[in-house]
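Colleague: Let me give you the structure first, and then I'll get to my questions.
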Amino acid sequence: MTPGTHDAKQSSEAPNLRDLIEMIPGLVICALPDGSAEFANRAWQEYTGYSSGQLTGWAWQTVIHPDDLAKFNSEWNSSPSTERLFETEARMRRADGHYHWFSIRKGPAVSETRGSKASLRILIAFEDINDRKEALVKLRLSEALQQAFCDNSPNLIWLEDRQGRYLYANKEFQRALCVTEEPVKGKTDEELFSVKQAAAFQAKNLQVLETGTRVRFEDVFFREDGQHALIVQKIPLFDADGVVYAIGSVATDITERQQEESARRYSEEKHRLVVETANDAIISMDDTGTIQFANPASKRIFGYDPAELIGKPLTVLMPKFMRELHENGFRRYLDTGQRHINWQGTELTALRENGQEFPVEISFGELTRDGHTIFTGFIRDIGKRKQAEDKLRESERTLRELTETIPQMLWSAEEDGTLNYCNQRTFDYTGLSAEEVQGSGWLTAVHPNDVEEATHAWLGSVESGEAFQCEFRFRRAPDGYRWCISNAVPLRDLEGKVIRWFGTIVDLHDWREAQQALHAIQTRQVAVRADVSLAFGQRESLEAILHECAESLVRHLDAAFARIWTLSPDGKMLELRASAGLYTHLNGAHSQIPIGQLKIGAIAREQKHVLTNDIINDPRISDKAWAANEGMSSFAGYPLLAGTRTLGVMAMFSRKPLAPGTAEALASTADLIAQGIERKRAEGELRLSERNLQMTQAELARVSRLTTMGELAASIAHEINQPLTAVVNNGSACLRLLANRNLEPDILHQALEGIVADGTRASAVLSRIRAFIKKEAAEKSELNLSEVIHEVLTLAGRELYENQVLLENQLANDLPSVLADRVQLQQVLLNLIMNGIEAMAAVTDRPRLLGVQSRIDQSGDVLVAVSDSGTGFGTAADRVFTPFFTTKANGLGMGLSISRSLVEGHGGRLWATHNSPHGAVFSFTIPTTSGNLS
């Protein structure tokens, strides 16, 4: 078909189709099957502003928004068939240039012409959907907002279908149950909550389904952080037919709200309790001045019952003279906000129900709510406080009068140490004025050498808050500087903060000098007592000791001379034993003074001391001429007493008056000397007793040895007879040789040597016996105890043989030497051995064994043990060493007692123990030579 033919055909067919299209109220384009436009109806042309000439071909697509054109062409080209419907959406430009959303659809159409066959066309219809599109956007935005609201809501939100399966759960729900959204979907309450809580939720769901109404209830939810209280709402969701298709749930956590509500109620209750229990009256009134509230304390303070006050004007609590002032000031405040009194701690006068006026302290508060104002007053009865303040002012006045009249310097300072007050006594003492002592001016009265120390001490106390004390020289007008002591203590407030200092200054100059003098006297007294104690502690004669005591009196107590007399043995005469100082001789006129004569004899008889600082005029002093000539001024005499017995007299003369404290020193010295004399006497008697005791013990020991020798007479005779018999035999042999004229030198020499040896042996036995029994003083020398044991066993050998006693020796060969008396140790050993032999005399059923052992014990001493297999000492073990106790019929009971004394005299000890299985063991130790030396 040629273009001309096409145009002719178009013009011939168009009118029928055009009329039809023009009748369509919407925007329509008629196009060929390929989409090229033939014409558009007037509605389309008017909307787009395009004419028919501008619509030829594909020009109509230029009204589509450039951003939508590619998508439009892609969808257009993908549906080329004219029989298939085509629909899409795109924005089309309006004639004014604005774009609107349109729904674009195409469909086939048949155009019939006169005299020819029908031809196929397509109609493109454009429907304005801009409003719908905007509504859809808004809907989607609303849905997104709803989704965001649900997801980010602090409440727990979830959705379930009719079967209770979860369709949705927001983030707070997921966080509370520690799950995510995907695992939640499809689950039920049983899978997410406890059995009890799931049953409660299901019951509420059933109620919603049955009633079709929302349900609101409170529940408790247990989370990881504890129990939470919830308000849960179950809401039915309906479909288009009004049937509930799902249940929405919203749970609000009200735990904090409940806690806040509880806290609010607690706070209200606490404040109510405070108000009701307050000691102060609390009264509230409205802006008309009418009382709206009164607490119980109002009854005690004003006398009115609280309920009785409500509705009455506040002025009933005021005296008449204050009511008009109050009303005028109250109205002015309501109009202008200007207060006529201070609202905090104002002191006013109040009126009780009985008409009594009394002072009060009032504080006001104001609260405005909903256009109404409430005024609350706190009213405190300060009657007692006023009385206390009056008393305090009176006390302060009295205190000030006291501080001004007290004979002592008083001062006070600020908390920083600045002086702010001194009493009149301080001004009179220093000569300074009140202005001159203020601040640090008081330091001008302190001695320059003491200023630094006083300042340092004061500032240190101010800084630390500790009490202040300092001694310094303070100027007294017009005398000069005198020693004073200042003390100060801090006054603190309730918090412990120093608010003021109060101090005193005391003149201690005279006391200080007296203390120094007293110290000097005490020093001299101590020195005298020390000299006397030292003298009596030495091993000197009584005369030498008393001379040291007299010298000490002269040396320390300013004595011109001092003397000491002691009582003669017959008690009638005082004998001069010591003299020091001006006179040292002991053979003068006063060497012996009868008791009761002269002042010294009178002191001894009366047992009273004599003191005088005026010798010339004292009638008790006889030789006044001598005293005047020697310049003597004072005399002191003291009796030396041991209880009620007079031991002597101590006296001194001095050219100076007796100093304070000298009398006490002399009295204590006299007591000390008397005690020393008595102690010396007792020591002498004790030494004499000890000597007598030693002599008695020695004599007893000798008697014991003699007794032992008597018991050993047979053994001694045997020991002597043996060598004597040998001597006789050898002598007879010599005589026979001489008679036979057999004078061979060797035979004679051998016989004579035997005679000499046996004679020496007999002499040794007699020497040992003589040494054992002779009466001589103990003499210690270095000994080997094993040798001593052998000597004693030799003496006791006959007794051992005759009593059939077996001897067991265990003697150490390397024993160290001991420092001891040989005879005394022999006596101890012989006594123990003989006792053992006698203890076994009655034993017939077992061997009689006597053991003697020597060794070194654990302490390093030499130990000797003598054991027997006799009858033992039974229950008398603790009495065997008691003097005169014996188990033998003819015993004295002194042997073991003497033996123990002898051993202890050597620094050792003797004891007894049981022998196993029979008999007894007597052991003793003696220190070695090294032990004795140490």
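Ordering of the structure tokens sets the chain letters (A, B, ...); residue numbers start at 1 within each chain; ligands are numbered from 1 in the order shown.
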Can you pull out the residues contacting Ala670 (chain A)? Cut-off 8 Å, using only C-alpha atoms, and skip same-chain residues under 5 positions away; I want them as a list of chain:residue names.

Modeller: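 Counting only the stated atoms, we get A:Tyr638, A:Pro639, A:Leu640, A:Met650.
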
Colleague: So which residues touch region 532-534 of chain A within 8 Å, counting only C-alpha atoms, skipping near sequence neighbours fewer than 2 positions away, as a short mmCIF file (atom, residue, chain, number, x, y, z; two decimals) with all heavy atoms, in the first residue's frame?

Modeller:
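Contents of result.cif, freshly written:
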```cif
data_model
loop_
_atom_site.label_atom_id
_atom_site.label_comp_id
_atom_site.auth_asym_id
_atom_site.auth_seq_id
_atom_site.Cartn_x
_atom_site.Cartn_y
_atom_site.Cartn_z
N VAL A 528 72.05 11.05 149.92
CA VAL A 528 72.37 10.55 151.27
C VAL A 528 71.90 9.11 151.41
O VAL A 528 72.64 8.24 151.91
CB VAL A 528 71.71 11.45 152.34
CG1 VAL A 528 71.86 10.83 153.72
CG2 VAL A 528 72.35 12.84 152.33
N ARG A 529 70.66 8.84 150.98
CA ARG A 529 70.13 7.48 151.10
C ARG A 529 70.95 6.50 150.28
O ARG A 529 71.19 5.36 150.69
CB ARG A 529 68.67 7.44 150.66
CG ARG A 529 67.74 8.16 151.61
CD ARG A 529 66.28 8.09 151.10
NE ARG A 529 65.81 6.72 151.03
CZ ARG A 529 65.28 6.06 152.04
NH1 ARG A 529 65.15 6.66 153.23
NH2 ARG A 529 64.87 4.81 151.91
N ALA A 530 71.41 6.96 149.09
CA ALA A 530 72.23 6.09 148.26
C ALA A 530 73.56 5.79 148.95
O ALA A 530 74.02 4.64 148.93
CB ALA A 530 72.46 6.74 146.90
N PHE A 536 76.15 0.27 153.83
CA PHE A 536 75.71 -0.95 154.51
C PHE A 536 75.75 -2.18 153.59
O PHE A 536 75.64 -3.30 154.07
CB PHE A 536 74.29 -0.77 155.06
CG PHE A 536 74.25 -0.09 156.39
CD1 PHE A 536 73.97 1.27 156.49
CD2 PHE A 536 74.53 -0.79 157.55
CE1 PHE A 536 73.93 1.91 157.73
CE2 PHE A 536 74.49 -0.16 158.79
CZ PHE A 536 74.21 1.20 158.89
N GLY A 537 75.90 -1.95 152.30
CA GLY A 537 76.02 -3.09 151.39
C GLY A 537 77.43 -3.62 151.28
O GLY A 537 77.65 -4.65 150.62
N GLN A 538 78.41 -2.96 151.88
CA GLN A 538 79.79 -3.40 151.82
C GLN A 538 80.12 -4.30 153.01
O GLN A 538 79.50 -4.22 154.07
CB GLN A 538 80.73 -2.19 151.80
CG GLN A 538 80.54 -1.29 150.58
CD GLN A 538 81.38 -0.02 150.65
OE1 GLN A 538 82.03 0.23 151.67
NE2 GLN A 538 81.37 0.74 149.58
N GLU A 548 81.09 6.32 157.02
CA GLU A 548 80.64 6.70 155.68
C GLU A 548 79.30 7.43 155.75
O GLU A 548 79.07 8.40 155.02
CB GLU A 548 80.52 5.46 154.80
CG GLU A 548 81.84 4.87 154.36
CD GLU A 548 82.61 5.80 153.45
OE1 GLU A 548 81.97 6.55 152.68
OE2 GLU A 548 83.85 5.81 153.50
N CYS A 549 78.43 6.99 156.64
CA CYS A 549 77.13 7.65 156.79
C CYS A 549 77.30 9.07 157.31
O CYS A 549 76.65 10.02 156.83
CB CYS A 549 76.23 6.85 157.74
SG CYS A 549 75.81 5.21 157.13
N SER A 552 78.54 11.34 154.62
CA SER A 552 77.48 11.68 153.66
C SER A 552 76.63 12.83 154.17
O SER A 552 76.24 13.72 153.40
CB SER A 552 76.61 10.45 153.39
OG SER A 552 75.59 10.75 152.46
N THR A 669 67.01 9.16 156.63
CA THR A 669 68.38 8.64 156.79
C THR A 669 68.51 7.93 158.13
O THR A 669 69.15 6.86 158.21
CB THR A 669 69.38 9.79 156.68
OG1 THR A 669 69.23 10.44 155.41
CG2 THR A 669 70.81 9.27 156.80
N LEU A 672 67.01 4.60 157.81
CA LEU A 672 67.84 3.72 157.00
C LEU A 672 69.05 3.21 157.79
O LEU A 672 69.40 2.03 157.72
CB LEU A 672 68.30 4.48 155.75
CG LEU A 672 68.74 3.64 154.55
CD1 LEU A 672 67.61 2.72 154.10
CD2 LEU A 672 69.14 4.56 153.39
N ILE A 673 69.67 4.13 158.58
CA ILE A 673 70.83 3.72 159.40
C ILE A 673 70.39 2.72 160.47
O ILE A 673 71.08 1.72 160.71
CB ILE A 673 71.50 4.95 160.02
CG1 ILE A 673 72.16 5.81 158.93
CG2 ILE A 673 72.54 4.55 161.06
CD1 ILE A 673 72.73 7.12 159.43
#
```

Colleague: When you look at Leu807 (chain A) with a cut-off of 7 Å (counting only C-alpha atoms), what residues show up, excluding the ones that are within fewer than 3 positions of it in the same chain? I need them as an NGL selection string.

Modeller: :A and (849-851)

Colleague: Quick one: residues within 9 Å of Thr584 (chain A), only C-alpha atoms, excluding same-chain residues fewer than 4 positions away - as a VMD selection string?

Modeller: chain A and resid 561 to 563 578 to 580

Colleague: Would you return as a PyMOL selection string the members of region 11-196 of chain A that DSSP assigns to alpha helix (DSSP H) on this structure's backbone?

Modeller: chain A and resi 11-22+42-48+66-77+130-152+171-177+181-184+189-192+195-196

Colleague: When you draw a straight line from CA of Glu324 (chain A) to CA of Thr349 (chain A), how long is it in Å?

Modeller: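 One can read the CA of Glu324 (chain A) to CA of Thr349 (chain A) distance as 13.9 Å.
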
Colleague: Give one line per residue of region 212-292 of chain A that approaches region 376-392 of chain A to at most 9 Å, naming the two atoms of the closest pair and their distance in Å to one decimal, counting only C-alpha atoms; sort by chain then ascending residue number and deliver it as JSON lines.

Modeller:
```
{"residue": "A:Asn279", "atom": "CA", "partner": "A:Arg380", "partner_atom": "CA", "distance": 7.7}
{"residue": "A:Asp280", "atom": "CA", "partner": "A:Arg380", "partner_atom": "CA", "distance": 4.9}
{"residue": "A:Ala281", "atom": "CA", "partner": "A:Ile379", "partner_atom": "CA", "distance": 5.0}
{"residue": "A:Ile282", "atom": "CA", "partner": "A:Phe378", "partner_atom": "CA", "distance": 4.8}
{"residue": "A:Ile283", "atom": "CA", "partner": "A:Gly377", "partner_atom": "CA", "distance": 5.4}
{"residue": "A:Ser284", "atom": "CA", "partner": "A:Thr376", "partner_atom": "CA", "distance": 4.1}
{"residue": "A:Met285", "atom": "CA", "partner": "A:Thr376", "partner_atom": "CA", "distance": 6.5}
{"residue": "A:Asp286", "atom": "CA", "partner": "A:Thr376", "partner_atom": "CA", "distance": 8.9}
```

Colleague: The selected residues should be written to file as a short mmCIF file (atom, residue, chain, number, x, y, z; two decimals), in the first residue's frame (atoms: C-alpha atoms).

Modeller:
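Once everything was written out, this is result-v4.cif:
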```
data_model
loop_
_atom_site.label_atom_id
_atom_site.label_comp_id
_atom_site.auth_asym_id
_atom_site.auth_seq_id
_atom_site.Cartn_x
_atom_site.Cartn_y
_atom_site.Cartn_z
CA ASN A 279 6.67 18.39 117.22
CA ASP A 280 5.91 21.59 115.36
CA ALA A 281 2.39 22.62 114.43
CA ILE A 282 1.78 22.39 110.68
CA ILE A 283 -1.18 24.43 109.43
CA SER A 284 -2.32 25.02 105.82
CA MET A 285 -4.66 27.75 104.61
CA ASP A 286 -6.08 28.73 101.23
#
```

Colleague: Just want the 8 Å neighbourhood of Ala125 (chain A), counted on only C-alpha atoms, with same-chain residues fewer than 2 positions away dropped. Output as a CSV table (one decimal) with N, CA and C atoms, in the first residue's frame.

Modeller:
```csv
chain,number,residue,atom,x,y,z
A,26,GLY,N,-13.2,8.9,28.3
A,26,GLY,CA,-11.8,8.9,28.7
A,26,GLY,C,-10.8,9.3,27.6
A,27,LEU,N,-9.5,9.2,27.9
A,27,LEU,CA,-8.5,9.5,27.0
A,27,LEU,C,-8.2,8.3,26.1
A,28,VAL,N,-8.4,8.4,24.8
A,28,VAL,CA,-8.3,7.2,23.9
A,28,VAL,C,-7.5,7.6,22.7
A,29,ILE,N,-6.6,6.7,22.2
A,29,ILE,CA,-5.9,6.8,20.9
A,29,ILE,C,-6.3,5.6,20.1
A,104,ILE,N,-2.5,2.4,31.4
A,104,ILE,CA,-2.6,2.3,30.0
A,104,ILE,C,-2.9,0.9,29.5
A,105,ARG,N,-4.0,0.8,28.8
A,105,ARG,CA,-4.4,-0.5,28.3
A,105,ARG,C,-4.7,-0.4,26.8
A,106,LYS,N,-4.5,-1.5,26.1
A,106,LYS,CA,-4.8,-1.6,24.7
A,106,LYS,C,-5.6,-2.8,24.4
A,123,LEU,N,-7.1,0.1,20.1
A,123,LEU,CA,-7.5,1.3,20.9
A,123,LEU,C,-6.6,1.3,22.1
A,127,GLU,N,-6.3,5.7,31.7
A,127,GLU,CA,-7.1,6.0,32.9
A,127,GLU,C,-6.2,6.7,33.9
```

Colleague: I'd like the interatomic distance between CA of Met632 (chain A) and CA of Arg577 (chain A), to a tenth of an Å.

Modeller: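 So the answer is 22.6 Å.
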
Colleague: Excluding region 788-797 of chain A and any residue of its chain fewer than 2 positions from it, enumerate the residues within 7 Å of it, using only C-alpha atoms, and give them as a list in words.

Modeller: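 That gives Ser715, Asn784, Leu785, Ser786, Glu799, Leu800, Tyr801, Gln826, Leu829 and Leu830 of chain A.
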
Colleague: Skipping near chain neighbours, those fewer than 6 positions away, what residues fall within 10 Å of region 656-666 of chain A using only C-alpha atoms, listed as a ChimeraX atom specification?

Modeller: /A:514,517-529,553,556-560,609-615,631-638,650,672

Colleague: Any chance you could list, as an MDAnalysis selection string, the residues in region 53-202 of chain A that come up strand (DSSP E) when DSSP is run on the backbone?

Modeller: chainID A and resid 86:93 99:111 119:128 156:161 166:169

Colleague: Using CA of Ala240 (chain A) and CA of Val184 (chain A) as the two end points, give the distance in Å to one decimal.

Modeller: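 If I compute the distance from CA of Ala240 (chain A) to CA of Val184 (chain A), I get 27.1 Å.
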
Colleague: Against region 172-177 of chain A, which residues of region 43-161 of chain A fall within 12 Å? For each one I want the closest pair of atoms and the distance in Å (one decimal), counting only C-alpha atoms, rows by chain and increasing residue number, as CSV.

Modeller:
```
residue,atom,partner,partner_atom,distance
A:Phe149,CA,A:Glu172,CA,11.4
A:Cys150,CA,A:Glu172,CA,9.0
A:Asp151,CA,A:Glu172,CA,7.4
A:Asn152,CA,A:Glu172,CA,7.3
A:Ser153,CA,A:Glu172,CA,7.0
A:Pro154,CA,A:Glu172,CA,6.2
A:Asn155,CA,A:Glu172,CA,6.5
A:Leu156,CA,A:Phe173,CA,4.7
A:Ile157,CA,A:Phe173,CA,6.4
A:Trp158,CA,A:Phe173,CA,7.4
A:Leu159,CA,A:Phe173,CA,11.0
```

Colleague: Can you write just those residues out, N, CA, C and O atoms, as a short mmCIF file (atom, residue, chain, number, x, y, z; two decimals), in the first residue's frame?

Modeller:
```cif
data_model
loop_
_atom_site.label_atom_id
_atom_site.label_comp_id
_atom_site.auth_asym_id
_atom_site.auth_seq_id
_atom_site.Cartn_x
_atom_site.Cartn_y
_atom_site.Cartn_z
N PHE A 149 6.21 0.97 64.13
CA PHE A 149 5.69 1.22 65.47
C PHE A 149 5.65 -0.07 66.28
O PHE A 149 6.07 -0.13 67.44
N CYS A 150 5.13 -1.13 65.66
CA CYS A 150 5.03 -2.41 66.36
C CYS A 150 6.43 -2.97 66.68
O CYS A 150 6.69 -3.44 67.78
N ASP A 151 7.34 -2.88 65.67
CA ASP A 151 8.67 -3.45 65.88
C ASP A 151 9.45 -2.71 66.96
O ASP A 151 10.24 -3.33 67.69
N ASN A 152 9.25 -1.43 67.06
CA ASN A 152 10.04 -0.62 67.99
C ASN A 152 9.28 -0.22 69.25
O ASN A 152 9.75 0.59 70.04
N SER A 153 8.09 -0.76 69.40
CA SER A 153 7.30 -0.44 70.59
C SER A 153 7.94 -1.06 71.84
O SER A 153 8.47 -2.18 71.79
N PRO A 154 7.92 -0.34 72.96
CA PRO A 154 8.44 -0.92 74.20
C PRO A 154 7.52 -1.99 74.77
O PRO A 154 7.87 -2.68 75.73
N ASN A 155 6.32 -2.10 74.18
CA ASN A 155 5.38 -3.12 74.63
C ASN A 155 5.62 -4.42 73.87
O ASN A 155 6.22 -4.44 72.78
N LEU A 156 5.14 -5.50 74.44
CA LEU A 156 5.20 -6.79 73.77
C LEU A 156 3.96 -6.91 72.88
O LEU A 156 2.82 -6.80 73.36
N ILE A 157 4.15 -7.07 71.55
CA ILE A 157 3.04 -7.14 70.59
C ILE A 157 3.20 -8.42 69.79
O ILE A 157 4.29 -8.72 69.28
N TRP A 158 2.12 -9.18 69.71
CA TRP A 158 2.15 -10.40 68.90
C TRP A 158 0.77 -10.67 68.32
O TRP A 158 -0.25 -10.14 68.77
N LEU A 159 0.74 -11.50 67.26
CA LEU A 159 -0.49 -11.79 66.50
C LEU A 159 -0.60 -13.30 66.37
O LEU A 159 0.37 -13.99 66.03
#
```

Colleague: Find the residue from A:Met840, A:Ala865, A:Val880, A:Ala251 that sits nearest to Glu808 (chain A); use only C-alpha atoms when measuring.

Modeller: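 Closest to Glu808 (chain A), using only C-alpha atoms: A:Ala865.
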